[in-house]
file entry17.cif (mmCIF, C-alpha atoms)
data_run
#
loop_
_atom_site.label_atom_id
_atom_site.label_comp_id
_atom_site.auth_asym_id
_atom_site.auth_seq_id
_atom_site.Cartn_x
_atom_site.Cartn_y
_atom_site.Cartn_z
CA MET A 984 70.35 52.46 -63.70
CA ALA A 985 67.96 55.29 -63.07
CA SER A 986 69.65 57.99 -61.00
CA GLY A 987 73.34 57.52 -60.25
CA HIS A 988 74.52 56.41 -63.66
CA PHE A 989 77.87 54.68 -63.64
CA HIS A 990 79.24 55.80 -66.98
CA VAL A 991 82.64 54.13 -67.14
CA GLU A 992 82.85 51.01 -69.28
CA ALA A 993 84.29 47.80 -67.89
CA ALA A 994 87.72 48.37 -69.43
CA LEU A 995 88.02 51.77 -67.80
CA LEU A 996 87.00 50.35 -64.45
CA MET A 997 90.27 48.51 -64.19
CA LEU A 998 92.43 51.57 -64.81
CA PRO A 999 94.29 52.87 -61.78
CA LEU A 1000 91.87 55.17 -59.99
CA ALA A 1001 94.51 57.86 -59.64
CA MET A 1002 94.57 58.25 -63.42
CA LEU A 1003 90.81 58.76 -63.53
CA VAL A 1004 90.86 61.28 -60.70
CA LEU A 1005 93.84 63.24 -61.93
CA ASN A 1006 92.34 63.43 -65.40
CA LYS A 1007 89.15 64.84 -63.93
CA GLY A 1008 91.07 67.12 -61.62
CA GLY A 1009 92.74 68.68 -64.64
CA GLY A 1010 95.79 70.90 -64.70
CA GLY A 1011 98.13 68.14 -63.56
CA SER A 1012 97.91 69.16 -59.90
CA ALA A 1013 97.59 66.17 -57.56
CA ALA A 1014 94.19 65.82 -55.98
CA GLY A 1015 96.03 64.91 -52.77
CA ALA A 1016 96.88 68.59 -52.33
CA VAL A 1017 93.14 69.28 -52.06
CA VAL A 1018 92.12 66.35 -49.83
CA PRO A 1019 94.60 65.87 -46.97
CA ALA A 1020 93.03 62.69 -45.57
CA VAL A 1021 90.31 60.07 -45.92
CA ILE A 1022 88.34 59.43 -42.71
CA VAL A 1023 86.08 56.38 -42.58
CA PHE A 1024 83.03 55.43 -40.50
CA GLY A 1025 80.77 52.41 -40.85
CA ASP A 1026 80.66 48.62 -41.02
CA SER A 1027 82.43 45.69 -42.73
CA THR A 1028 82.06 47.29 -46.17
CA VAL A 1029 84.75 49.76 -45.02
CA ASP A 1030 86.38 48.26 -41.86
CA THR A 1031 90.09 47.96 -42.64
CA GLY A 1032 90.93 45.95 -39.52
CA ASN A 1033 89.50 47.39 -36.30
CA ASN A 1034 87.68 44.16 -35.40
CA ASN A 1035 91.07 42.42 -35.14
CA GLN A 1036 91.63 44.36 -31.93
CA ILE A 1037 88.33 43.76 -30.12
CA GLY A 1038 86.62 40.78 -28.49
CA THR A 1039 84.30 39.71 -31.29
CA THR A 1040 83.91 36.53 -33.29
CA LEU A 1041 83.27 38.63 -36.42
CA ARG A 1042 86.77 38.71 -37.86
CA SER A 1043 88.62 38.07 -41.08
CA ASP A 1044 92.29 38.22 -40.06
CA PHE A 1045 93.07 34.79 -41.49
CA PRO A 1046 93.34 33.28 -44.98
CA PRO A 1047 91.93 33.11 -47.56
CA TYR A 1048 90.80 36.67 -46.68
CA GLY A 1049 93.31 39.09 -48.19
CA ARG A 1050 94.72 36.54 -50.63
CA ASP A 1051 94.79 39.10 -53.48
CA MET A 1052 96.21 42.05 -51.53
CA PRO A 1053 98.80 44.09 -53.45
CA GLY A 1054 102.26 42.80 -52.66
CA GLY A 1055 101.06 39.32 -51.76
CA ALA A 1056 98.49 37.51 -49.65
CA ARG A 1057 97.91 39.22 -46.30
CA ALA A 1058 94.83 38.86 -44.10
CA THR A 1059 94.46 42.36 -42.64
CA GLY A 1060 90.96 42.05 -41.21
CA ARG A 1061 89.34 43.43 -44.34
CA PHE A 1062 86.27 41.37 -45.28
CA GLY A 1063 87.30 40.53 -48.82
CA ASN A 1064 90.06 39.09 -50.96
CA GLY A 1065 91.88 42.43 -51.10
CA ARG A 1066 91.33 46.13 -50.75
CA LEU A 1067 88.11 47.91 -49.78
CA PRO A 1068 86.55 51.04 -51.34
CA PRO A 1069 88.23 53.53 -48.94
CA ASP A 1070 91.65 52.13 -49.91
CA PHE A 1071 91.00 52.80 -53.59
CA ILE A 1072 89.53 56.23 -52.83
CA SER A 1073 92.59 57.14 -50.77
CA GLU A 1074 94.98 56.06 -53.53
CA ALA A 1075 92.91 58.00 -56.07
CA LEU A 1076 93.37 61.18 -54.06
CA GLY A 1077 97.15 60.84 -53.98
CA LEU A 1078 97.10 59.42 -50.45
CA PRO A 1079 98.37 56.00 -49.25
CA PRO A 1080 96.86 52.92 -50.96
CA LEU A 1081 95.66 51.46 -47.67
CA VAL A 1082 93.61 53.36 -45.06
CA PRO A 1083 94.83 52.21 -41.63
CA ALA A 1084 92.47 50.98 -38.92
CA TYR A 1085 92.51 53.30 -35.91
CA LEU A 1086 92.93 50.43 -33.42
CA ASP A 1087 95.81 48.79 -35.32
CA PRO A 1088 98.93 49.19 -33.14
CA ALA A 1089 101.15 49.03 -36.23
CA TYR A 1090 100.08 52.59 -37.13
CA GLY A 1091 100.49 55.91 -35.36
CA ILE A 1092 99.14 59.45 -35.57
CA GLY A 1093 101.59 60.29 -38.37
CA ASP A 1094 99.83 57.66 -40.51
CA PHE A 1095 96.35 58.66 -39.32
CA ALA A 1096 96.98 62.27 -40.34
CA ARG A 1097 96.61 61.07 -43.95
CA GLY A 1098 93.86 58.54 -43.46
CA VAL A 1099 92.08 56.70 -40.67
CA CYS A 1100 89.30 54.15 -40.37
CA PHE A 1101 86.99 53.94 -37.35
CA ALA A 1102 84.60 51.40 -38.94
CA SER A 1103 83.71 48.09 -37.33
CA ALA A 1104 82.34 45.04 -39.15
CA GLY A 1105 78.89 44.11 -37.88
CA THR A 1106 77.93 47.53 -36.56
CA GLY A 1107 74.98 49.70 -37.49
CA VAL A 1108 73.23 53.00 -36.89
CA ASP A 1109 71.17 51.34 -34.14
CA ASN A 1110 73.29 50.69 -31.03
CA ALA A 1111 71.48 47.36 -30.63
CA THR A 1112 73.04 46.16 -33.90
CA ALA A 1113 76.59 46.42 -32.52
CA GLY A 1114 75.48 44.40 -29.50
CA VAL A 1115 74.53 41.38 -31.62
CA LEU A 1116 78.18 40.47 -32.34
CA SER A 1117 79.92 42.62 -29.69
CA VAL A 1118 81.43 45.12 -32.10
CA ILE A 1119 82.06 48.88 -31.97
CA PRO A 1120 78.82 50.92 -31.93
CA LEU A 1121 78.59 54.04 -34.08
CA TRP A 1122 78.66 56.34 -31.03
CA LYS A 1123 82.02 54.80 -30.07
CA GLU A 1124 83.35 55.40 -33.60
CA VAL A 1125 82.54 59.08 -32.99
CA GLU A 1126 84.34 58.95 -29.61
CA TYR A 1127 87.42 57.59 -31.41
CA TYR A 1128 87.07 60.47 -33.91
CA LYS A 1129 87.20 62.96 -31.02
CA GLU A 1130 90.23 61.20 -29.51
CA TYR A 1131 91.89 61.20 -32.94
CA GLN A 1132 91.43 64.95 -33.21
CA LEU A 1133 93.10 65.49 -29.82
CA ARG A 1134 96.03 63.35 -30.94
CA LEU A 1135 96.13 65.16 -34.28
CA ARG A 1136 96.32 68.56 -32.56
CA ALA A 1137 99.22 67.34 -30.41
CA HIS A 1138 100.96 65.98 -33.51
CA ALA A 1139 100.38 68.72 -36.09
CA GLY A 1140 99.26 71.78 -34.12
CA ALA A 1141 95.72 73.09 -33.72
CA GLU A 1142 95.54 75.00 -37.02
CA ARG A 1143 96.88 72.17 -39.19
CA ALA A 1144 94.72 69.59 -37.39
CA ARG A 1145 91.62 71.68 -38.03
CA ALA A 1146 92.56 72.03 -41.72
CA ILE A 1147 93.07 68.27 -42.08
CA VAL A 1148 89.66 67.46 -40.58
CA ARG A 1149 87.85 70.14 -42.58
CA GLY A 1150 89.57 69.17 -45.83
CA ALA A 1151 89.29 65.41 -45.34
CA LEU A 1152 86.84 63.30 -47.31
CA HIS A 1153 84.70 61.48 -44.74
CA VAL A 1154 83.43 58.17 -46.14
CA VAL A 1155 80.38 56.66 -44.43
CA SER A 1156 78.96 53.21 -45.25
CA ILE A 1157 76.50 51.71 -42.76
CA GLY A 1158 72.99 50.29 -42.46
CA THR A 1159 72.97 46.76 -43.90
CA ASN A 1160 73.51 45.11 -40.51
CA ASP A 1161 70.68 47.10 -38.96
CA PHE A 1162 68.30 45.13 -41.14
CA LEU A 1163 70.01 41.78 -41.74
CA GLU A 1164 71.74 41.23 -38.36
CA ASN A 1165 69.20 43.06 -36.21
CA TYR A 1166 65.66 43.69 -37.44
CA TYR A 1167 65.19 40.53 -39.54
CA MET A 1168 67.20 38.28 -37.18
CA LEU A 1169 64.60 39.04 -34.48
CA GLY A 1170 67.03 38.69 -31.56
CA THR A 1171 67.04 42.36 -30.53
CA GLY A 1172 63.27 42.69 -30.44
CA ARG A 1173 63.24 45.71 -32.75
CA PHE A 1174 60.75 43.86 -34.99
CA VAL A 1175 58.26 44.01 -32.09
CA GLU A 1176 58.82 47.73 -31.47
CA TYR A 1177 58.74 48.86 -35.11
CA THR A 1178 57.32 48.02 -38.51
CA ALA A 1179 60.04 47.91 -41.18
CA ALA A 1180 59.02 51.42 -42.31
CA GLN A 1181 59.17 52.75 -38.74
CA PHE A 1182 62.56 51.12 -38.22
CA SER A 1183 63.80 52.87 -41.37
CA ASP A 1184 62.62 56.20 -39.92
CA PHE A 1185 64.41 55.38 -36.64
CA LEU A 1186 67.65 54.62 -38.52
CA VAL A 1187 67.45 57.73 -40.71
CA ALA A 1188 66.95 59.88 -37.60
CA GLY A 1189 70.02 58.20 -36.07
CA ALA A 1190 72.07 58.78 -39.21
CA ARG A 1191 71.03 62.44 -39.19
CA ARG A 1192 72.18 62.84 -35.57
CA PHE A 1193 75.49 61.20 -36.48
CA LEU A 1194 76.03 63.57 -39.42
CA LEU A 1195 75.16 66.61 -37.29
CA GLU A 1196 77.66 65.46 -34.68
CA ILE A 1197 80.59 64.92 -37.05
CA HIS A 1198 79.76 68.28 -38.68
CA ARG A 1199 79.91 69.87 -35.21
CA LEU A 1200 83.32 68.22 -34.80
CA GLY A 1201 84.61 69.71 -38.05
CA ALA A 1202 83.63 67.38 -40.93
CA ARG A 1203 82.81 69.38 -44.07
CA ARG A 1204 83.05 66.81 -46.89
CA VAL A 1205 81.01 63.63 -46.40
CA SER A 1206 79.97 60.83 -48.76
CA PHE A 1207 77.11 58.73 -47.39
CA ALA A 1208 76.36 55.39 -49.03
CA GLY A 1209 72.82 54.12 -49.35
CA LEU A 1210 71.96 50.46 -48.87
CA ALA A 1211 72.86 47.99 -51.60
CA ALA A 1212 70.31 45.51 -52.99
CA ILE A 1213 70.60 43.57 -49.73
CA GLY A 1214 68.11 40.95 -50.86
CA CYS A 1215 70.62 39.85 -53.52
CA LEU A 1216 73.44 38.96 -51.11
CA PRO A 1217 74.31 35.25 -51.48
CA LEU A 1218 73.32 34.54 -47.87
CA GLU A 1219 69.84 35.96 -48.44
CA ARG A 1220 69.49 34.09 -51.76
CA ALA A 1221 70.48 30.84 -50.00
CA GLU A 1222 67.83 31.38 -47.35
CA ASN A 1223 65.33 32.03 -50.16
CA MET A 1224 65.81 28.57 -51.75
CA ILE A 1225 62.16 27.77 -51.13
CA HIS A 1226 61.44 30.44 -53.78
CA GLY A 1227 64.16 29.29 -56.16
CA GLY A 1228 67.13 31.12 -54.68
CA GLY A 1229 66.35 34.47 -56.26
CA CYS A 1230 66.84 37.87 -54.62
CA VAL A 1231 64.60 38.49 -51.60
CA GLU A 1232 62.35 41.22 -52.93
CA GLU A 1233 61.07 42.25 -49.50
CA TYR A 1234 64.61 43.13 -48.43
CA ASN A 1235 65.28 45.01 -51.66
CA ARG A 1236 62.03 46.95 -51.31
CA VAL A 1237 62.92 47.93 -47.73
CA ALA A 1238 66.38 49.02 -48.95
CA ARG A 1239 64.83 51.20 -51.67
CA GLU A 1240 62.41 52.80 -49.20
CA TYR A 1241 65.20 53.41 -46.68
CA ASN A 1242 67.39 54.93 -49.40
CA ALA A 1243 64.64 57.35 -50.45
CA LYS A 1244 64.32 58.51 -46.83
CA VAL A 1245 68.10 58.89 -46.53
CA GLU A 1246 68.22 61.00 -49.69
CA ALA A 1247 65.45 63.26 -48.36
CA MET A 1248 67.27 63.59 -45.01
CA LEU A 1249 70.53 64.51 -46.77
CA ARG A 1250 68.75 67.14 -48.88
CA GLY A 1251 67.41 68.68 -45.68
CA LEU A 1252 70.84 68.71 -44.06
CA ARG A 1253 72.40 70.39 -47.09
CA ALA A 1254 69.81 73.18 -46.84
CA GLU A 1255 70.32 73.48 -43.09
CA LEU A 1256 74.14 73.41 -43.20
CA PRO A 1257 75.38 75.22 -46.31
CA ASP A 1258 79.04 74.69 -45.32
CA LEU A 1259 78.58 70.89 -45.35
CA ARG A 1260 79.26 69.24 -48.70
CA LEU A 1261 77.31 66.02 -48.53
CA ALA A 1262 77.08 63.40 -51.30
CA TYR A 1263 74.66 60.49 -51.47
CA VAL A 1264 76.17 57.39 -53.10
CA PRO A 1265 73.45 55.21 -54.72
CA VAL A 1266 75.09 51.84 -54.13
CA TYR A 1267 71.79 50.06 -54.84
CA ASP A 1268 71.82 51.15 -58.49
CA THR A 1269 75.42 50.06 -59.04
CA MET A 1270 74.85 46.68 -57.43
CA LEU A 1271 71.70 46.08 -59.44
CA ASP A 1272 73.66 46.89 -62.61
CA LEU A 1273 76.32 44.34 -61.60
CA VAL A 1274 73.68 41.69 -60.86
CA THR A 1275 71.67 42.23 -64.05
CA ASN A 1276 74.53 42.98 -66.48
CA PRO A 1277 77.47 40.89 -65.24
CA ALA A 1278 79.14 40.48 -68.64
CA LYS A 1279 79.50 44.26 -68.89
CA PHE A 1280 81.86 44.07 -65.92
CA GLY A 1281 83.59 40.80 -66.81
CA LEU A 1282 81.72 38.88 -64.09
CA GLU A 1283 80.57 35.27 -64.44
CA ASN A 1284 78.94 34.61 -61.06
CA VAL A 1285 76.78 37.17 -59.26
CA GLU A 1286 74.78 34.74 -57.11
CA GLU A 1287 77.40 33.03 -54.93
CA GLY A 1288 80.57 34.08 -53.18
CA CYS A 1289 84.01 32.89 -54.26
CA CYS A 1290 84.87 31.47 -50.83
CA ALA A 1291 83.81 27.86 -50.09
CA THR A 1292 80.28 27.13 -51.39
CA GLY A 1293 79.67 30.88 -51.53
CA ARG A 1294 76.17 30.49 -50.14
CA PHE A 1295 76.48 30.99 -46.39
CA GLU A 1296 80.18 31.17 -45.44
CA MET A 1297 81.65 34.38 -44.04
CA GLY A 1298 84.03 35.11 -41.18
CA PHE A 1299 85.39 31.94 -39.58
CA MET A 1300 83.45 29.68 -41.97
CA CYS A 1301 85.40 31.14 -44.88
CA ASN A 1302 88.78 29.60 -44.14
CA ASN A 1303 91.60 27.69 -45.82
CA GLU A 1304 90.04 24.35 -44.88
CA ALA A 1305 86.79 25.19 -46.68
CA PRO A 1306 86.58 23.32 -50.00
CA MET A 1307 85.42 24.75 -53.33
CA THR A 1308 86.90 28.26 -53.02
CA CYS A 1309 87.21 29.72 -56.52
CA ALA A 1310 90.51 30.24 -58.33
CA ASP A 1311 89.75 33.69 -59.78
CA ALA A 1312 87.77 36.07 -57.57
CA ASP A 1313 87.68 38.67 -60.37
CA LYS A 1314 84.94 36.59 -62.02
CA PHE A 1315 82.74 36.96 -58.94
CA LEU A 1316 80.63 39.81 -57.60
CA PHE A 1317 80.94 38.44 -54.05
CA TRP A 1318 83.96 37.18 -52.14
CA ASP A 1319 81.99 35.51 -49.33
CA ALA A 1320 78.27 35.21 -48.69
CA PHE A 1321 78.02 38.85 -47.62
CA HIS A 1322 80.90 40.92 -49.02
CA PRO A 1323 82.02 41.99 -52.51
CA THR A 1324 85.30 41.09 -54.18
CA GLN A 1325 88.20 43.50 -54.49
CA LYS A 1326 87.27 44.02 -58.17
CA VAL A 1327 83.77 45.15 -57.18
CA ASN A 1328 85.16 47.31 -54.38
CA ARG A 1329 87.18 49.14 -57.02
CA ILE A 1330 84.00 49.70 -59.02
CA MET A 1331 82.21 51.01 -55.92
CA ALA A 1332 85.14 53.32 -55.16
CA ASN A 1333 85.08 54.65 -58.73
CA HIS A 1334 81.38 55.31 -58.36
CA THR A 1335 81.93 57.18 -55.08
CA ILE A 1336 84.68 59.30 -56.66
CA ASP A 1337 82.40 60.07 -59.62
CA ILE A 1338 79.55 61.14 -57.33
CA CYS A 1339 81.87 63.25 -55.18
CA TYR A 1340 82.99 65.15 -58.28
CA GLN A 1341 79.45 65.55 -59.58
CA GLN A 1342 78.20 66.87 -56.23
CA GLY A 1343 81.08 69.25 -55.61
CA LEU A 1344 82.97 67.49 -52.82
CA LEU A 1345 86.18 67.20 -54.84
#
call {"tool": "encode", "arguments": {"input": "entry17.cif", "output": "structure tokens"}}
result
Amino acid sequence: MASGHFHVEAALLMLPLAMLVLNKGGGGSAAGAVVPAVIVFGDSTVDTGNNNQIGTTLRSDFPPYGRDMPGGARATGRFGNGRLPPDFISEALGLPPLVPAYLDPAYGIGDFARGVCFASAGTGVDNATAGVLSVIPLWKEVEYYKEYQLRLRAHAGAERARAIVRGALHVVSIGTNDFLENYYMLGTGRFVEYTAAQFSDFLVAGARRFLLEIHRLGARRVSFAGLAAIGCLPLERAENMIHGGGCVEEYNRVAREYNAKVEAMLRGLRAELPDLRLAYVPVYDTMLDLVTNPAKFGLENVEEGCCATGRFEMGFMCNNEAPMTCADADKFLFWDAFHPTQKVNRIMANHTIDICYQQGLL
């Protein structure tokens, strides 16, 4: 991996994250004292259950989703066999091991004061992306963030609420659906309006506006994930069978170009807003390392998902009636045709924590 080296060997990856973080934090003081909450924006890579509460077909609140959750099988609406990166990050910082979804009625503002997720599976930076599967657009995630802050002030007082928001680690993971569910699916017409390079520029401008807005609302620590090697998702490989089922290089090239533009945009924002600590997380590099060096991470299959055939099933097609679901998801990079396993989510969380330390967010 070229830029964001992931130094920890496979054995270390499976250590409890809290141990890694507290060791780095030094002095024995819990990192939780420094970061009062984890606040999450984005798509299915980080949605901890908001889509359960809205009128969309893009859901995962049924088995076998959640079959490897701590404490026993529980389908929470997370797109995976267990926890997602924000859950591991939260636990690492001495906060609860699950980040609650803002729309989940089982949780209240007392819970959200320590962690909250506004993300919605299927959404994107482009509002048109959310329209494809009737999910929560990014602007609405920001509206929920504003509402949350009003509730937080009523709960904790204005001064404490402000301190929680300013001290919180804001985790942002978004963009894949803009390309794979919007631009390349053709239905929204964006492919007529823009070349792929122009669409990347449009998305980066939208991401910049989003970051400026949450900064205006008080966010001061933000990790922003780049795109993964989206051409290597099992669904894209399956659709590339005419070329032998390999990664779709066009999609990977577009992801790399988009990521370079995101990095440049983030550099500009850091210069413009010196009080904003902003980390870029190079997910592409980590995923490519997993795909090309699976044995290093104890993986045996990096081409198909664990659920059903692993080639095209996700959401309702990944269900308990589907045959062929694997016995041990820890041997797989992907849980379904689109989403990583809990094991890989832990690796991604470790990487995010590493980057946040290196870039001064923690």
call {"tool": "atom_distance", "arguments": {"input": "entry17.cif", "atom1": "CA of Ala1212 in chain A", "atom2": "CA of Ala1180 in chain A"}}
result
16.6 Å
call {"tool": "closest_atom_pairs", "arguments": {"input": "entry17.cif", "of": "range 1154-1224 of chain A", "to": "range 1282-1294 of chain A", "cutoff": "10 Å", "atoms": "all atoms listed in the file", "output": "JSON lines"}}
result
{"residue": "A:Cys1215", "atom": "CA", "partner": "A:Glu1286", "partner_atom": "CA", "distance": 7.5}
{"residue": "A:Leu1216", "atom": "CA", "partner": "A:Glu1286", "partner_atom": "CA", "distance": 7.5}
{"residue": "A:Pro1217", "atom": "CA", "partner": "A:Glu1287", "partner_atom": "CA", "distance": 5.1}
{"residue": "A:Leu1218", "atom": "CA", "partner": "A:Arg1294", "partner_atom": "CA", "distance": 5.4}
{"residue": "A:Glu1219", "atom": "CA", "partner": "A:Arg1294", "partner_atom": "CA", "distance": 8.5}
{"residue": "A:Arg1220", "atom": "CA", "partner": "A:Glu1286", "partner_atom": "CA", "distance": 7.6}
{"residue": "A:Ala1221", "atom": "CA", "partner": "A:Arg1294", "partner_atom": "CA", "distance": 5.7}
{"residue": "A:Glu1222", "atom": "CA", "partner": "A:Arg1294", "partner_atom": "CA", "distance": 8.8}
call {"tool": "write_last_selection", "arguments": {"input": "entry17.cif", "atoms": "C-alpha atoms", "output": "CSV table (one decimal), in the frame of the given file"}}
result
chain,number,residue,atom,x,y,z
A,1215,CYS,CA,70.6,39.8,-53.5
A,1216,LEU,CA,73.4,39.0,-51.1
A,1217,PRO,CA,74.3,35.2,-51.5
A,1218,LEU,CA,73.3,34.5,-47.9
A,1219,GLU,CA,69.8,36.0,-48.4
A,1220,ARG,CA,69.5,34.1,-51.8
A,1221,ALA,CA,70.5,30.8,-50.0
A,1222,GLU,CA,67.8,31.4,-47.4
call {"tool": "closest_residue", "arguments": {"input": "entry17.cif", "among": "A:Gly1228, A:Gly1060, A:Gly1049, A:Gly1025", "to": "Pro1120 in chain A", "atoms": "only C-alpha atoms"}}
result
A:Gly1025
call {"tool": "residues_around", "arguments": {"input": "entry17.cif", "residues": "range 1310-1316 of chain A", "least_positions_apart": "3", "cutoff": "12 Å", "atoms": "only C-alpha atoms", "output": "CSV table (one decimal) with C-alpha atoms, in the coordinates of the input"}}
result
chain,number,residue,atom,x,y,z
A,997,MET,CA,90.3,48.5,-64.2
A,1047,PRO,CA,91.9,33.1,-47.6
A,1048,TYR,CA,90.8,36.7,-46.7
A,1049,GLY,CA,93.3,39.1,-48.2
A,1050,ARG,CA,94.7,36.5,-50.6
A,1051,ASP,CA,94.8,39.1,-53.5
A,1052,MET,CA,96.2,42.0,-51.5
A,1063,GLY,CA,87.3,40.5,-48.8
A,1064,ASN,CA,90.1,39.1,-51.0
A,1065,GLY,CA,91.9,42.4,-51.1
A,1215,CYS,CA,70.6,39.8,-53.5
A,1216,LEU,CA,73.4,39.0,-51.1
A,1217,PRO,CA,74.3,35.2,-51.5
A,1269,THR,CA,75.4,50.1,-59.0
A,1270,MET,CA,74.8,46.7,-57.4
A,1271,LEU,CA,71.7,46.1,-59.4
A,1272,ASP,CA,73.7,46.9,-62.6
A,1273,LEU,CA,76.3,44.3,-61.6
A,1274,VAL,CA,73.7,41.7,-60.9
A,1275,THR,CA,71.7,42.2,-64.0
A,1276,ASN,CA,74.5,43.0,-66.5
A,1277,PRO,CA,77.5,40.9,-65.2
A,1278,ALA,CA,79.1,40.5,-68.6
A,1279,LYS,CA,79.5,44.3,-68.9
A,1280,PHE,CA,81.9,44.1,-65.9
A,1281,GLY,CA,83.6,40.8,-66.8
A,1282,LEU,CA,81.7,38.9,-64.1
A,1283,GLU,CA,80.6,35.3,-64.4
A,1284,ASN,CA,78.9,34.6,-61.1
A,1285,VAL,CA,76.8,37.2,-59.3
A,1286,GLU,CA,74.8,34.7,-57.1
A,1287,GLU,CA,77.4,33.0,-54.9
A,1288,GLY,CA,80.6,34.1,-53.2
A,1289,CYS,CA,84.0,32.9,-54.3
A,1290,CYS,CA,84.9,31.5,-50.8
A,1291,ALA,CA,83.8,27.9,-50.1
A,1293,GLY,CA,79.7,30.9,-51.5
A,1306,PRO,CA,86.6,23.3,-50.0
A,1307,MET,CA,85.4,24.8,-53.3
A,1319,ASP,CA,82.0,35.5,-49.3
A,1320,ALA,CA,78.3,35.2,-48.7
A,1321,PHE,CA,78.0,38.8,-47.6
A,1322,HIS,CA,80.9,40.9,-49.0
A,1323,PRO,CA,82.0,42.0,-52.5
A,1324,THR,CA,85.3,41.1,-54.2
A,1325,GLN,CA,88.2,43.5,-54.5
A,1326,LYS,CA,87.3,44.0,-58.2
A,1327,VAL,CA,83.8,45.2,-57.2
A,1328,ASN,CA,85.2,47.3,-54.4
A,1329,ARG,CA,87.2,49.1,-57.0
A,1330,ILE,CA,84.0,49.7,-59.0
A,1331,MET,CA,82.2,51.0,-55.9
call {"tool": "residues_around", "arguments": {"input": "entry17.cif", "residues": "Leu1249 in chain A", "least_positions_apart": "6", "cutoff": "10 Å", "atoms": "only C-alpha atoms", "output": "PyMOL selection string"}}
result
chain A and resi 1187+1190-1191+1194+1207+1243+1255+1261-1263
call {"tool": "atom_distance", "arguments": {"input": "entry17.cif", "atom1": "CA of His1153 in chain A", "atom2": "CA of Val1021 in chain A"}}
result
5.9 Å
call {"tool": "residues_around", "arguments": {"input": "entry17.cif", "residues": "Val1108 in chain A", "least_positions_apart": "4", "cutoff": "7 Å", "atoms": "only C-alpha atoms", "output": "MDAnalysis selection string"}}
result
chainID A and resid 1121 1157:1158 1161 1186 1189:1190
call {"tool": "resolve_selection", "arguments": {"input": "entry17.cif", "expression": "the PyMOL selection byres ((chain A and resi 1204) around 9)", "output": "ChimeraX atom specification"}}
result
/A:1149-1154,1198,1202-1203,1205-1206,1258-1262,1344-1345
call {"tool": "atom_distance", "arguments": {"input": "entry17.cif", "atom1": "CA of Asn1235 in chain A", "atom2": "CA of Gly1214 in chain A"}}
result
5.0 Å
call {"tool": "residues_around", "arguments": {"input": "entry17.cif", "residues": "Phe1182 in chain A", "least_positions_apart": "3", "cutoff": "10 Å", "atoms": "only C-alpha atoms", "output": "list in words"}}
result
Asp1109, Asp1161, Phe1162, Tyr1166, Arg1173, Phe1174, Glu1176, Tyr1177, Thr1178, Ala1179, Phe1185, Leu1186, Val1187, Ala1188 and Tyr1241 of chain A
call {"tool": "decode", "arguments": {"input": "entry17.cif", "residues": "range 1266-1274 of chain A", "atoms": "N, CA, C and O atoms", "output": "compact mmCIF listing (two decimals), in the first residue's frame"}}
result
# COMPACT_ATOMS: atom_id res chain seq x y z
N VAL A 1266 -9.40 4.21 2.36
CA VAL A 1266 -10.02 2.89 2.37
C VAL A 1266 -9.59 2.06 1.16
O VAL A 1266 -9.43 0.84 1.25
N TYR A 1267 -9.38 2.73 0.04
CA TYR A 1267 -8.99 2.03 -1.20
C TYR A 1267 -7.73 1.18 -0.97
O TYR A 1267 -7.67 0.01 -1.35
N ASP A 1268 -6.74 1.79 -0.32
CA ASP A 1268 -5.46 1.10 -0.10
C ASP A 1268 -5.64 -0.13 0.78
O ASP A 1268 -5.08 -1.20 0.51
N THR A 1269 -6.43 0.03 1.85
CA THR A 1269 -6.66 -1.11 2.75
C THR A 1269 -7.38 -2.22 2.04
O THR A 1269 -7.03 -3.40 2.16
N MET A 1270 -8.42 -1.87 1.26
CA MET A 1270 -9.18 -2.91 0.57
C MET A 1270 -8.32 -3.62 -0.47
O MET A 1270 -8.39 -4.85 -0.61
N LEU A 1271 -7.49 -2.87 -1.16
CA LEU A 1271 -6.62 -3.49 -2.16
C LEU A 1271 -5.64 -4.46 -1.49
O LEU A 1271 -5.33 -5.53 -2.03
N ASP A 1272 -5.16 -4.09 -0.30
CA ASP A 1272 -4.27 -4.97 0.46
C ASP A 1272 -5.00 -6.26 0.84
O ASP A 1272 -4.44 -7.36 0.73
N LEU A 1273 -6.26 -6.14 1.25
CA LEU A 1273 -7.06 -7.31 1.61
C LEU A 1273 -7.28 -8.22 0.39
O LEU A 1273 -7.20 -9.44 0.49
N VAL A 1274 -7.55 -7.60 -0.76
CA VAL A 1274 -7.83 -8.36 -1.98
C VAL A 1274 -6.57 -9.07 -2.49
O VAL A 1274 -6.63 -10.22 -2.94
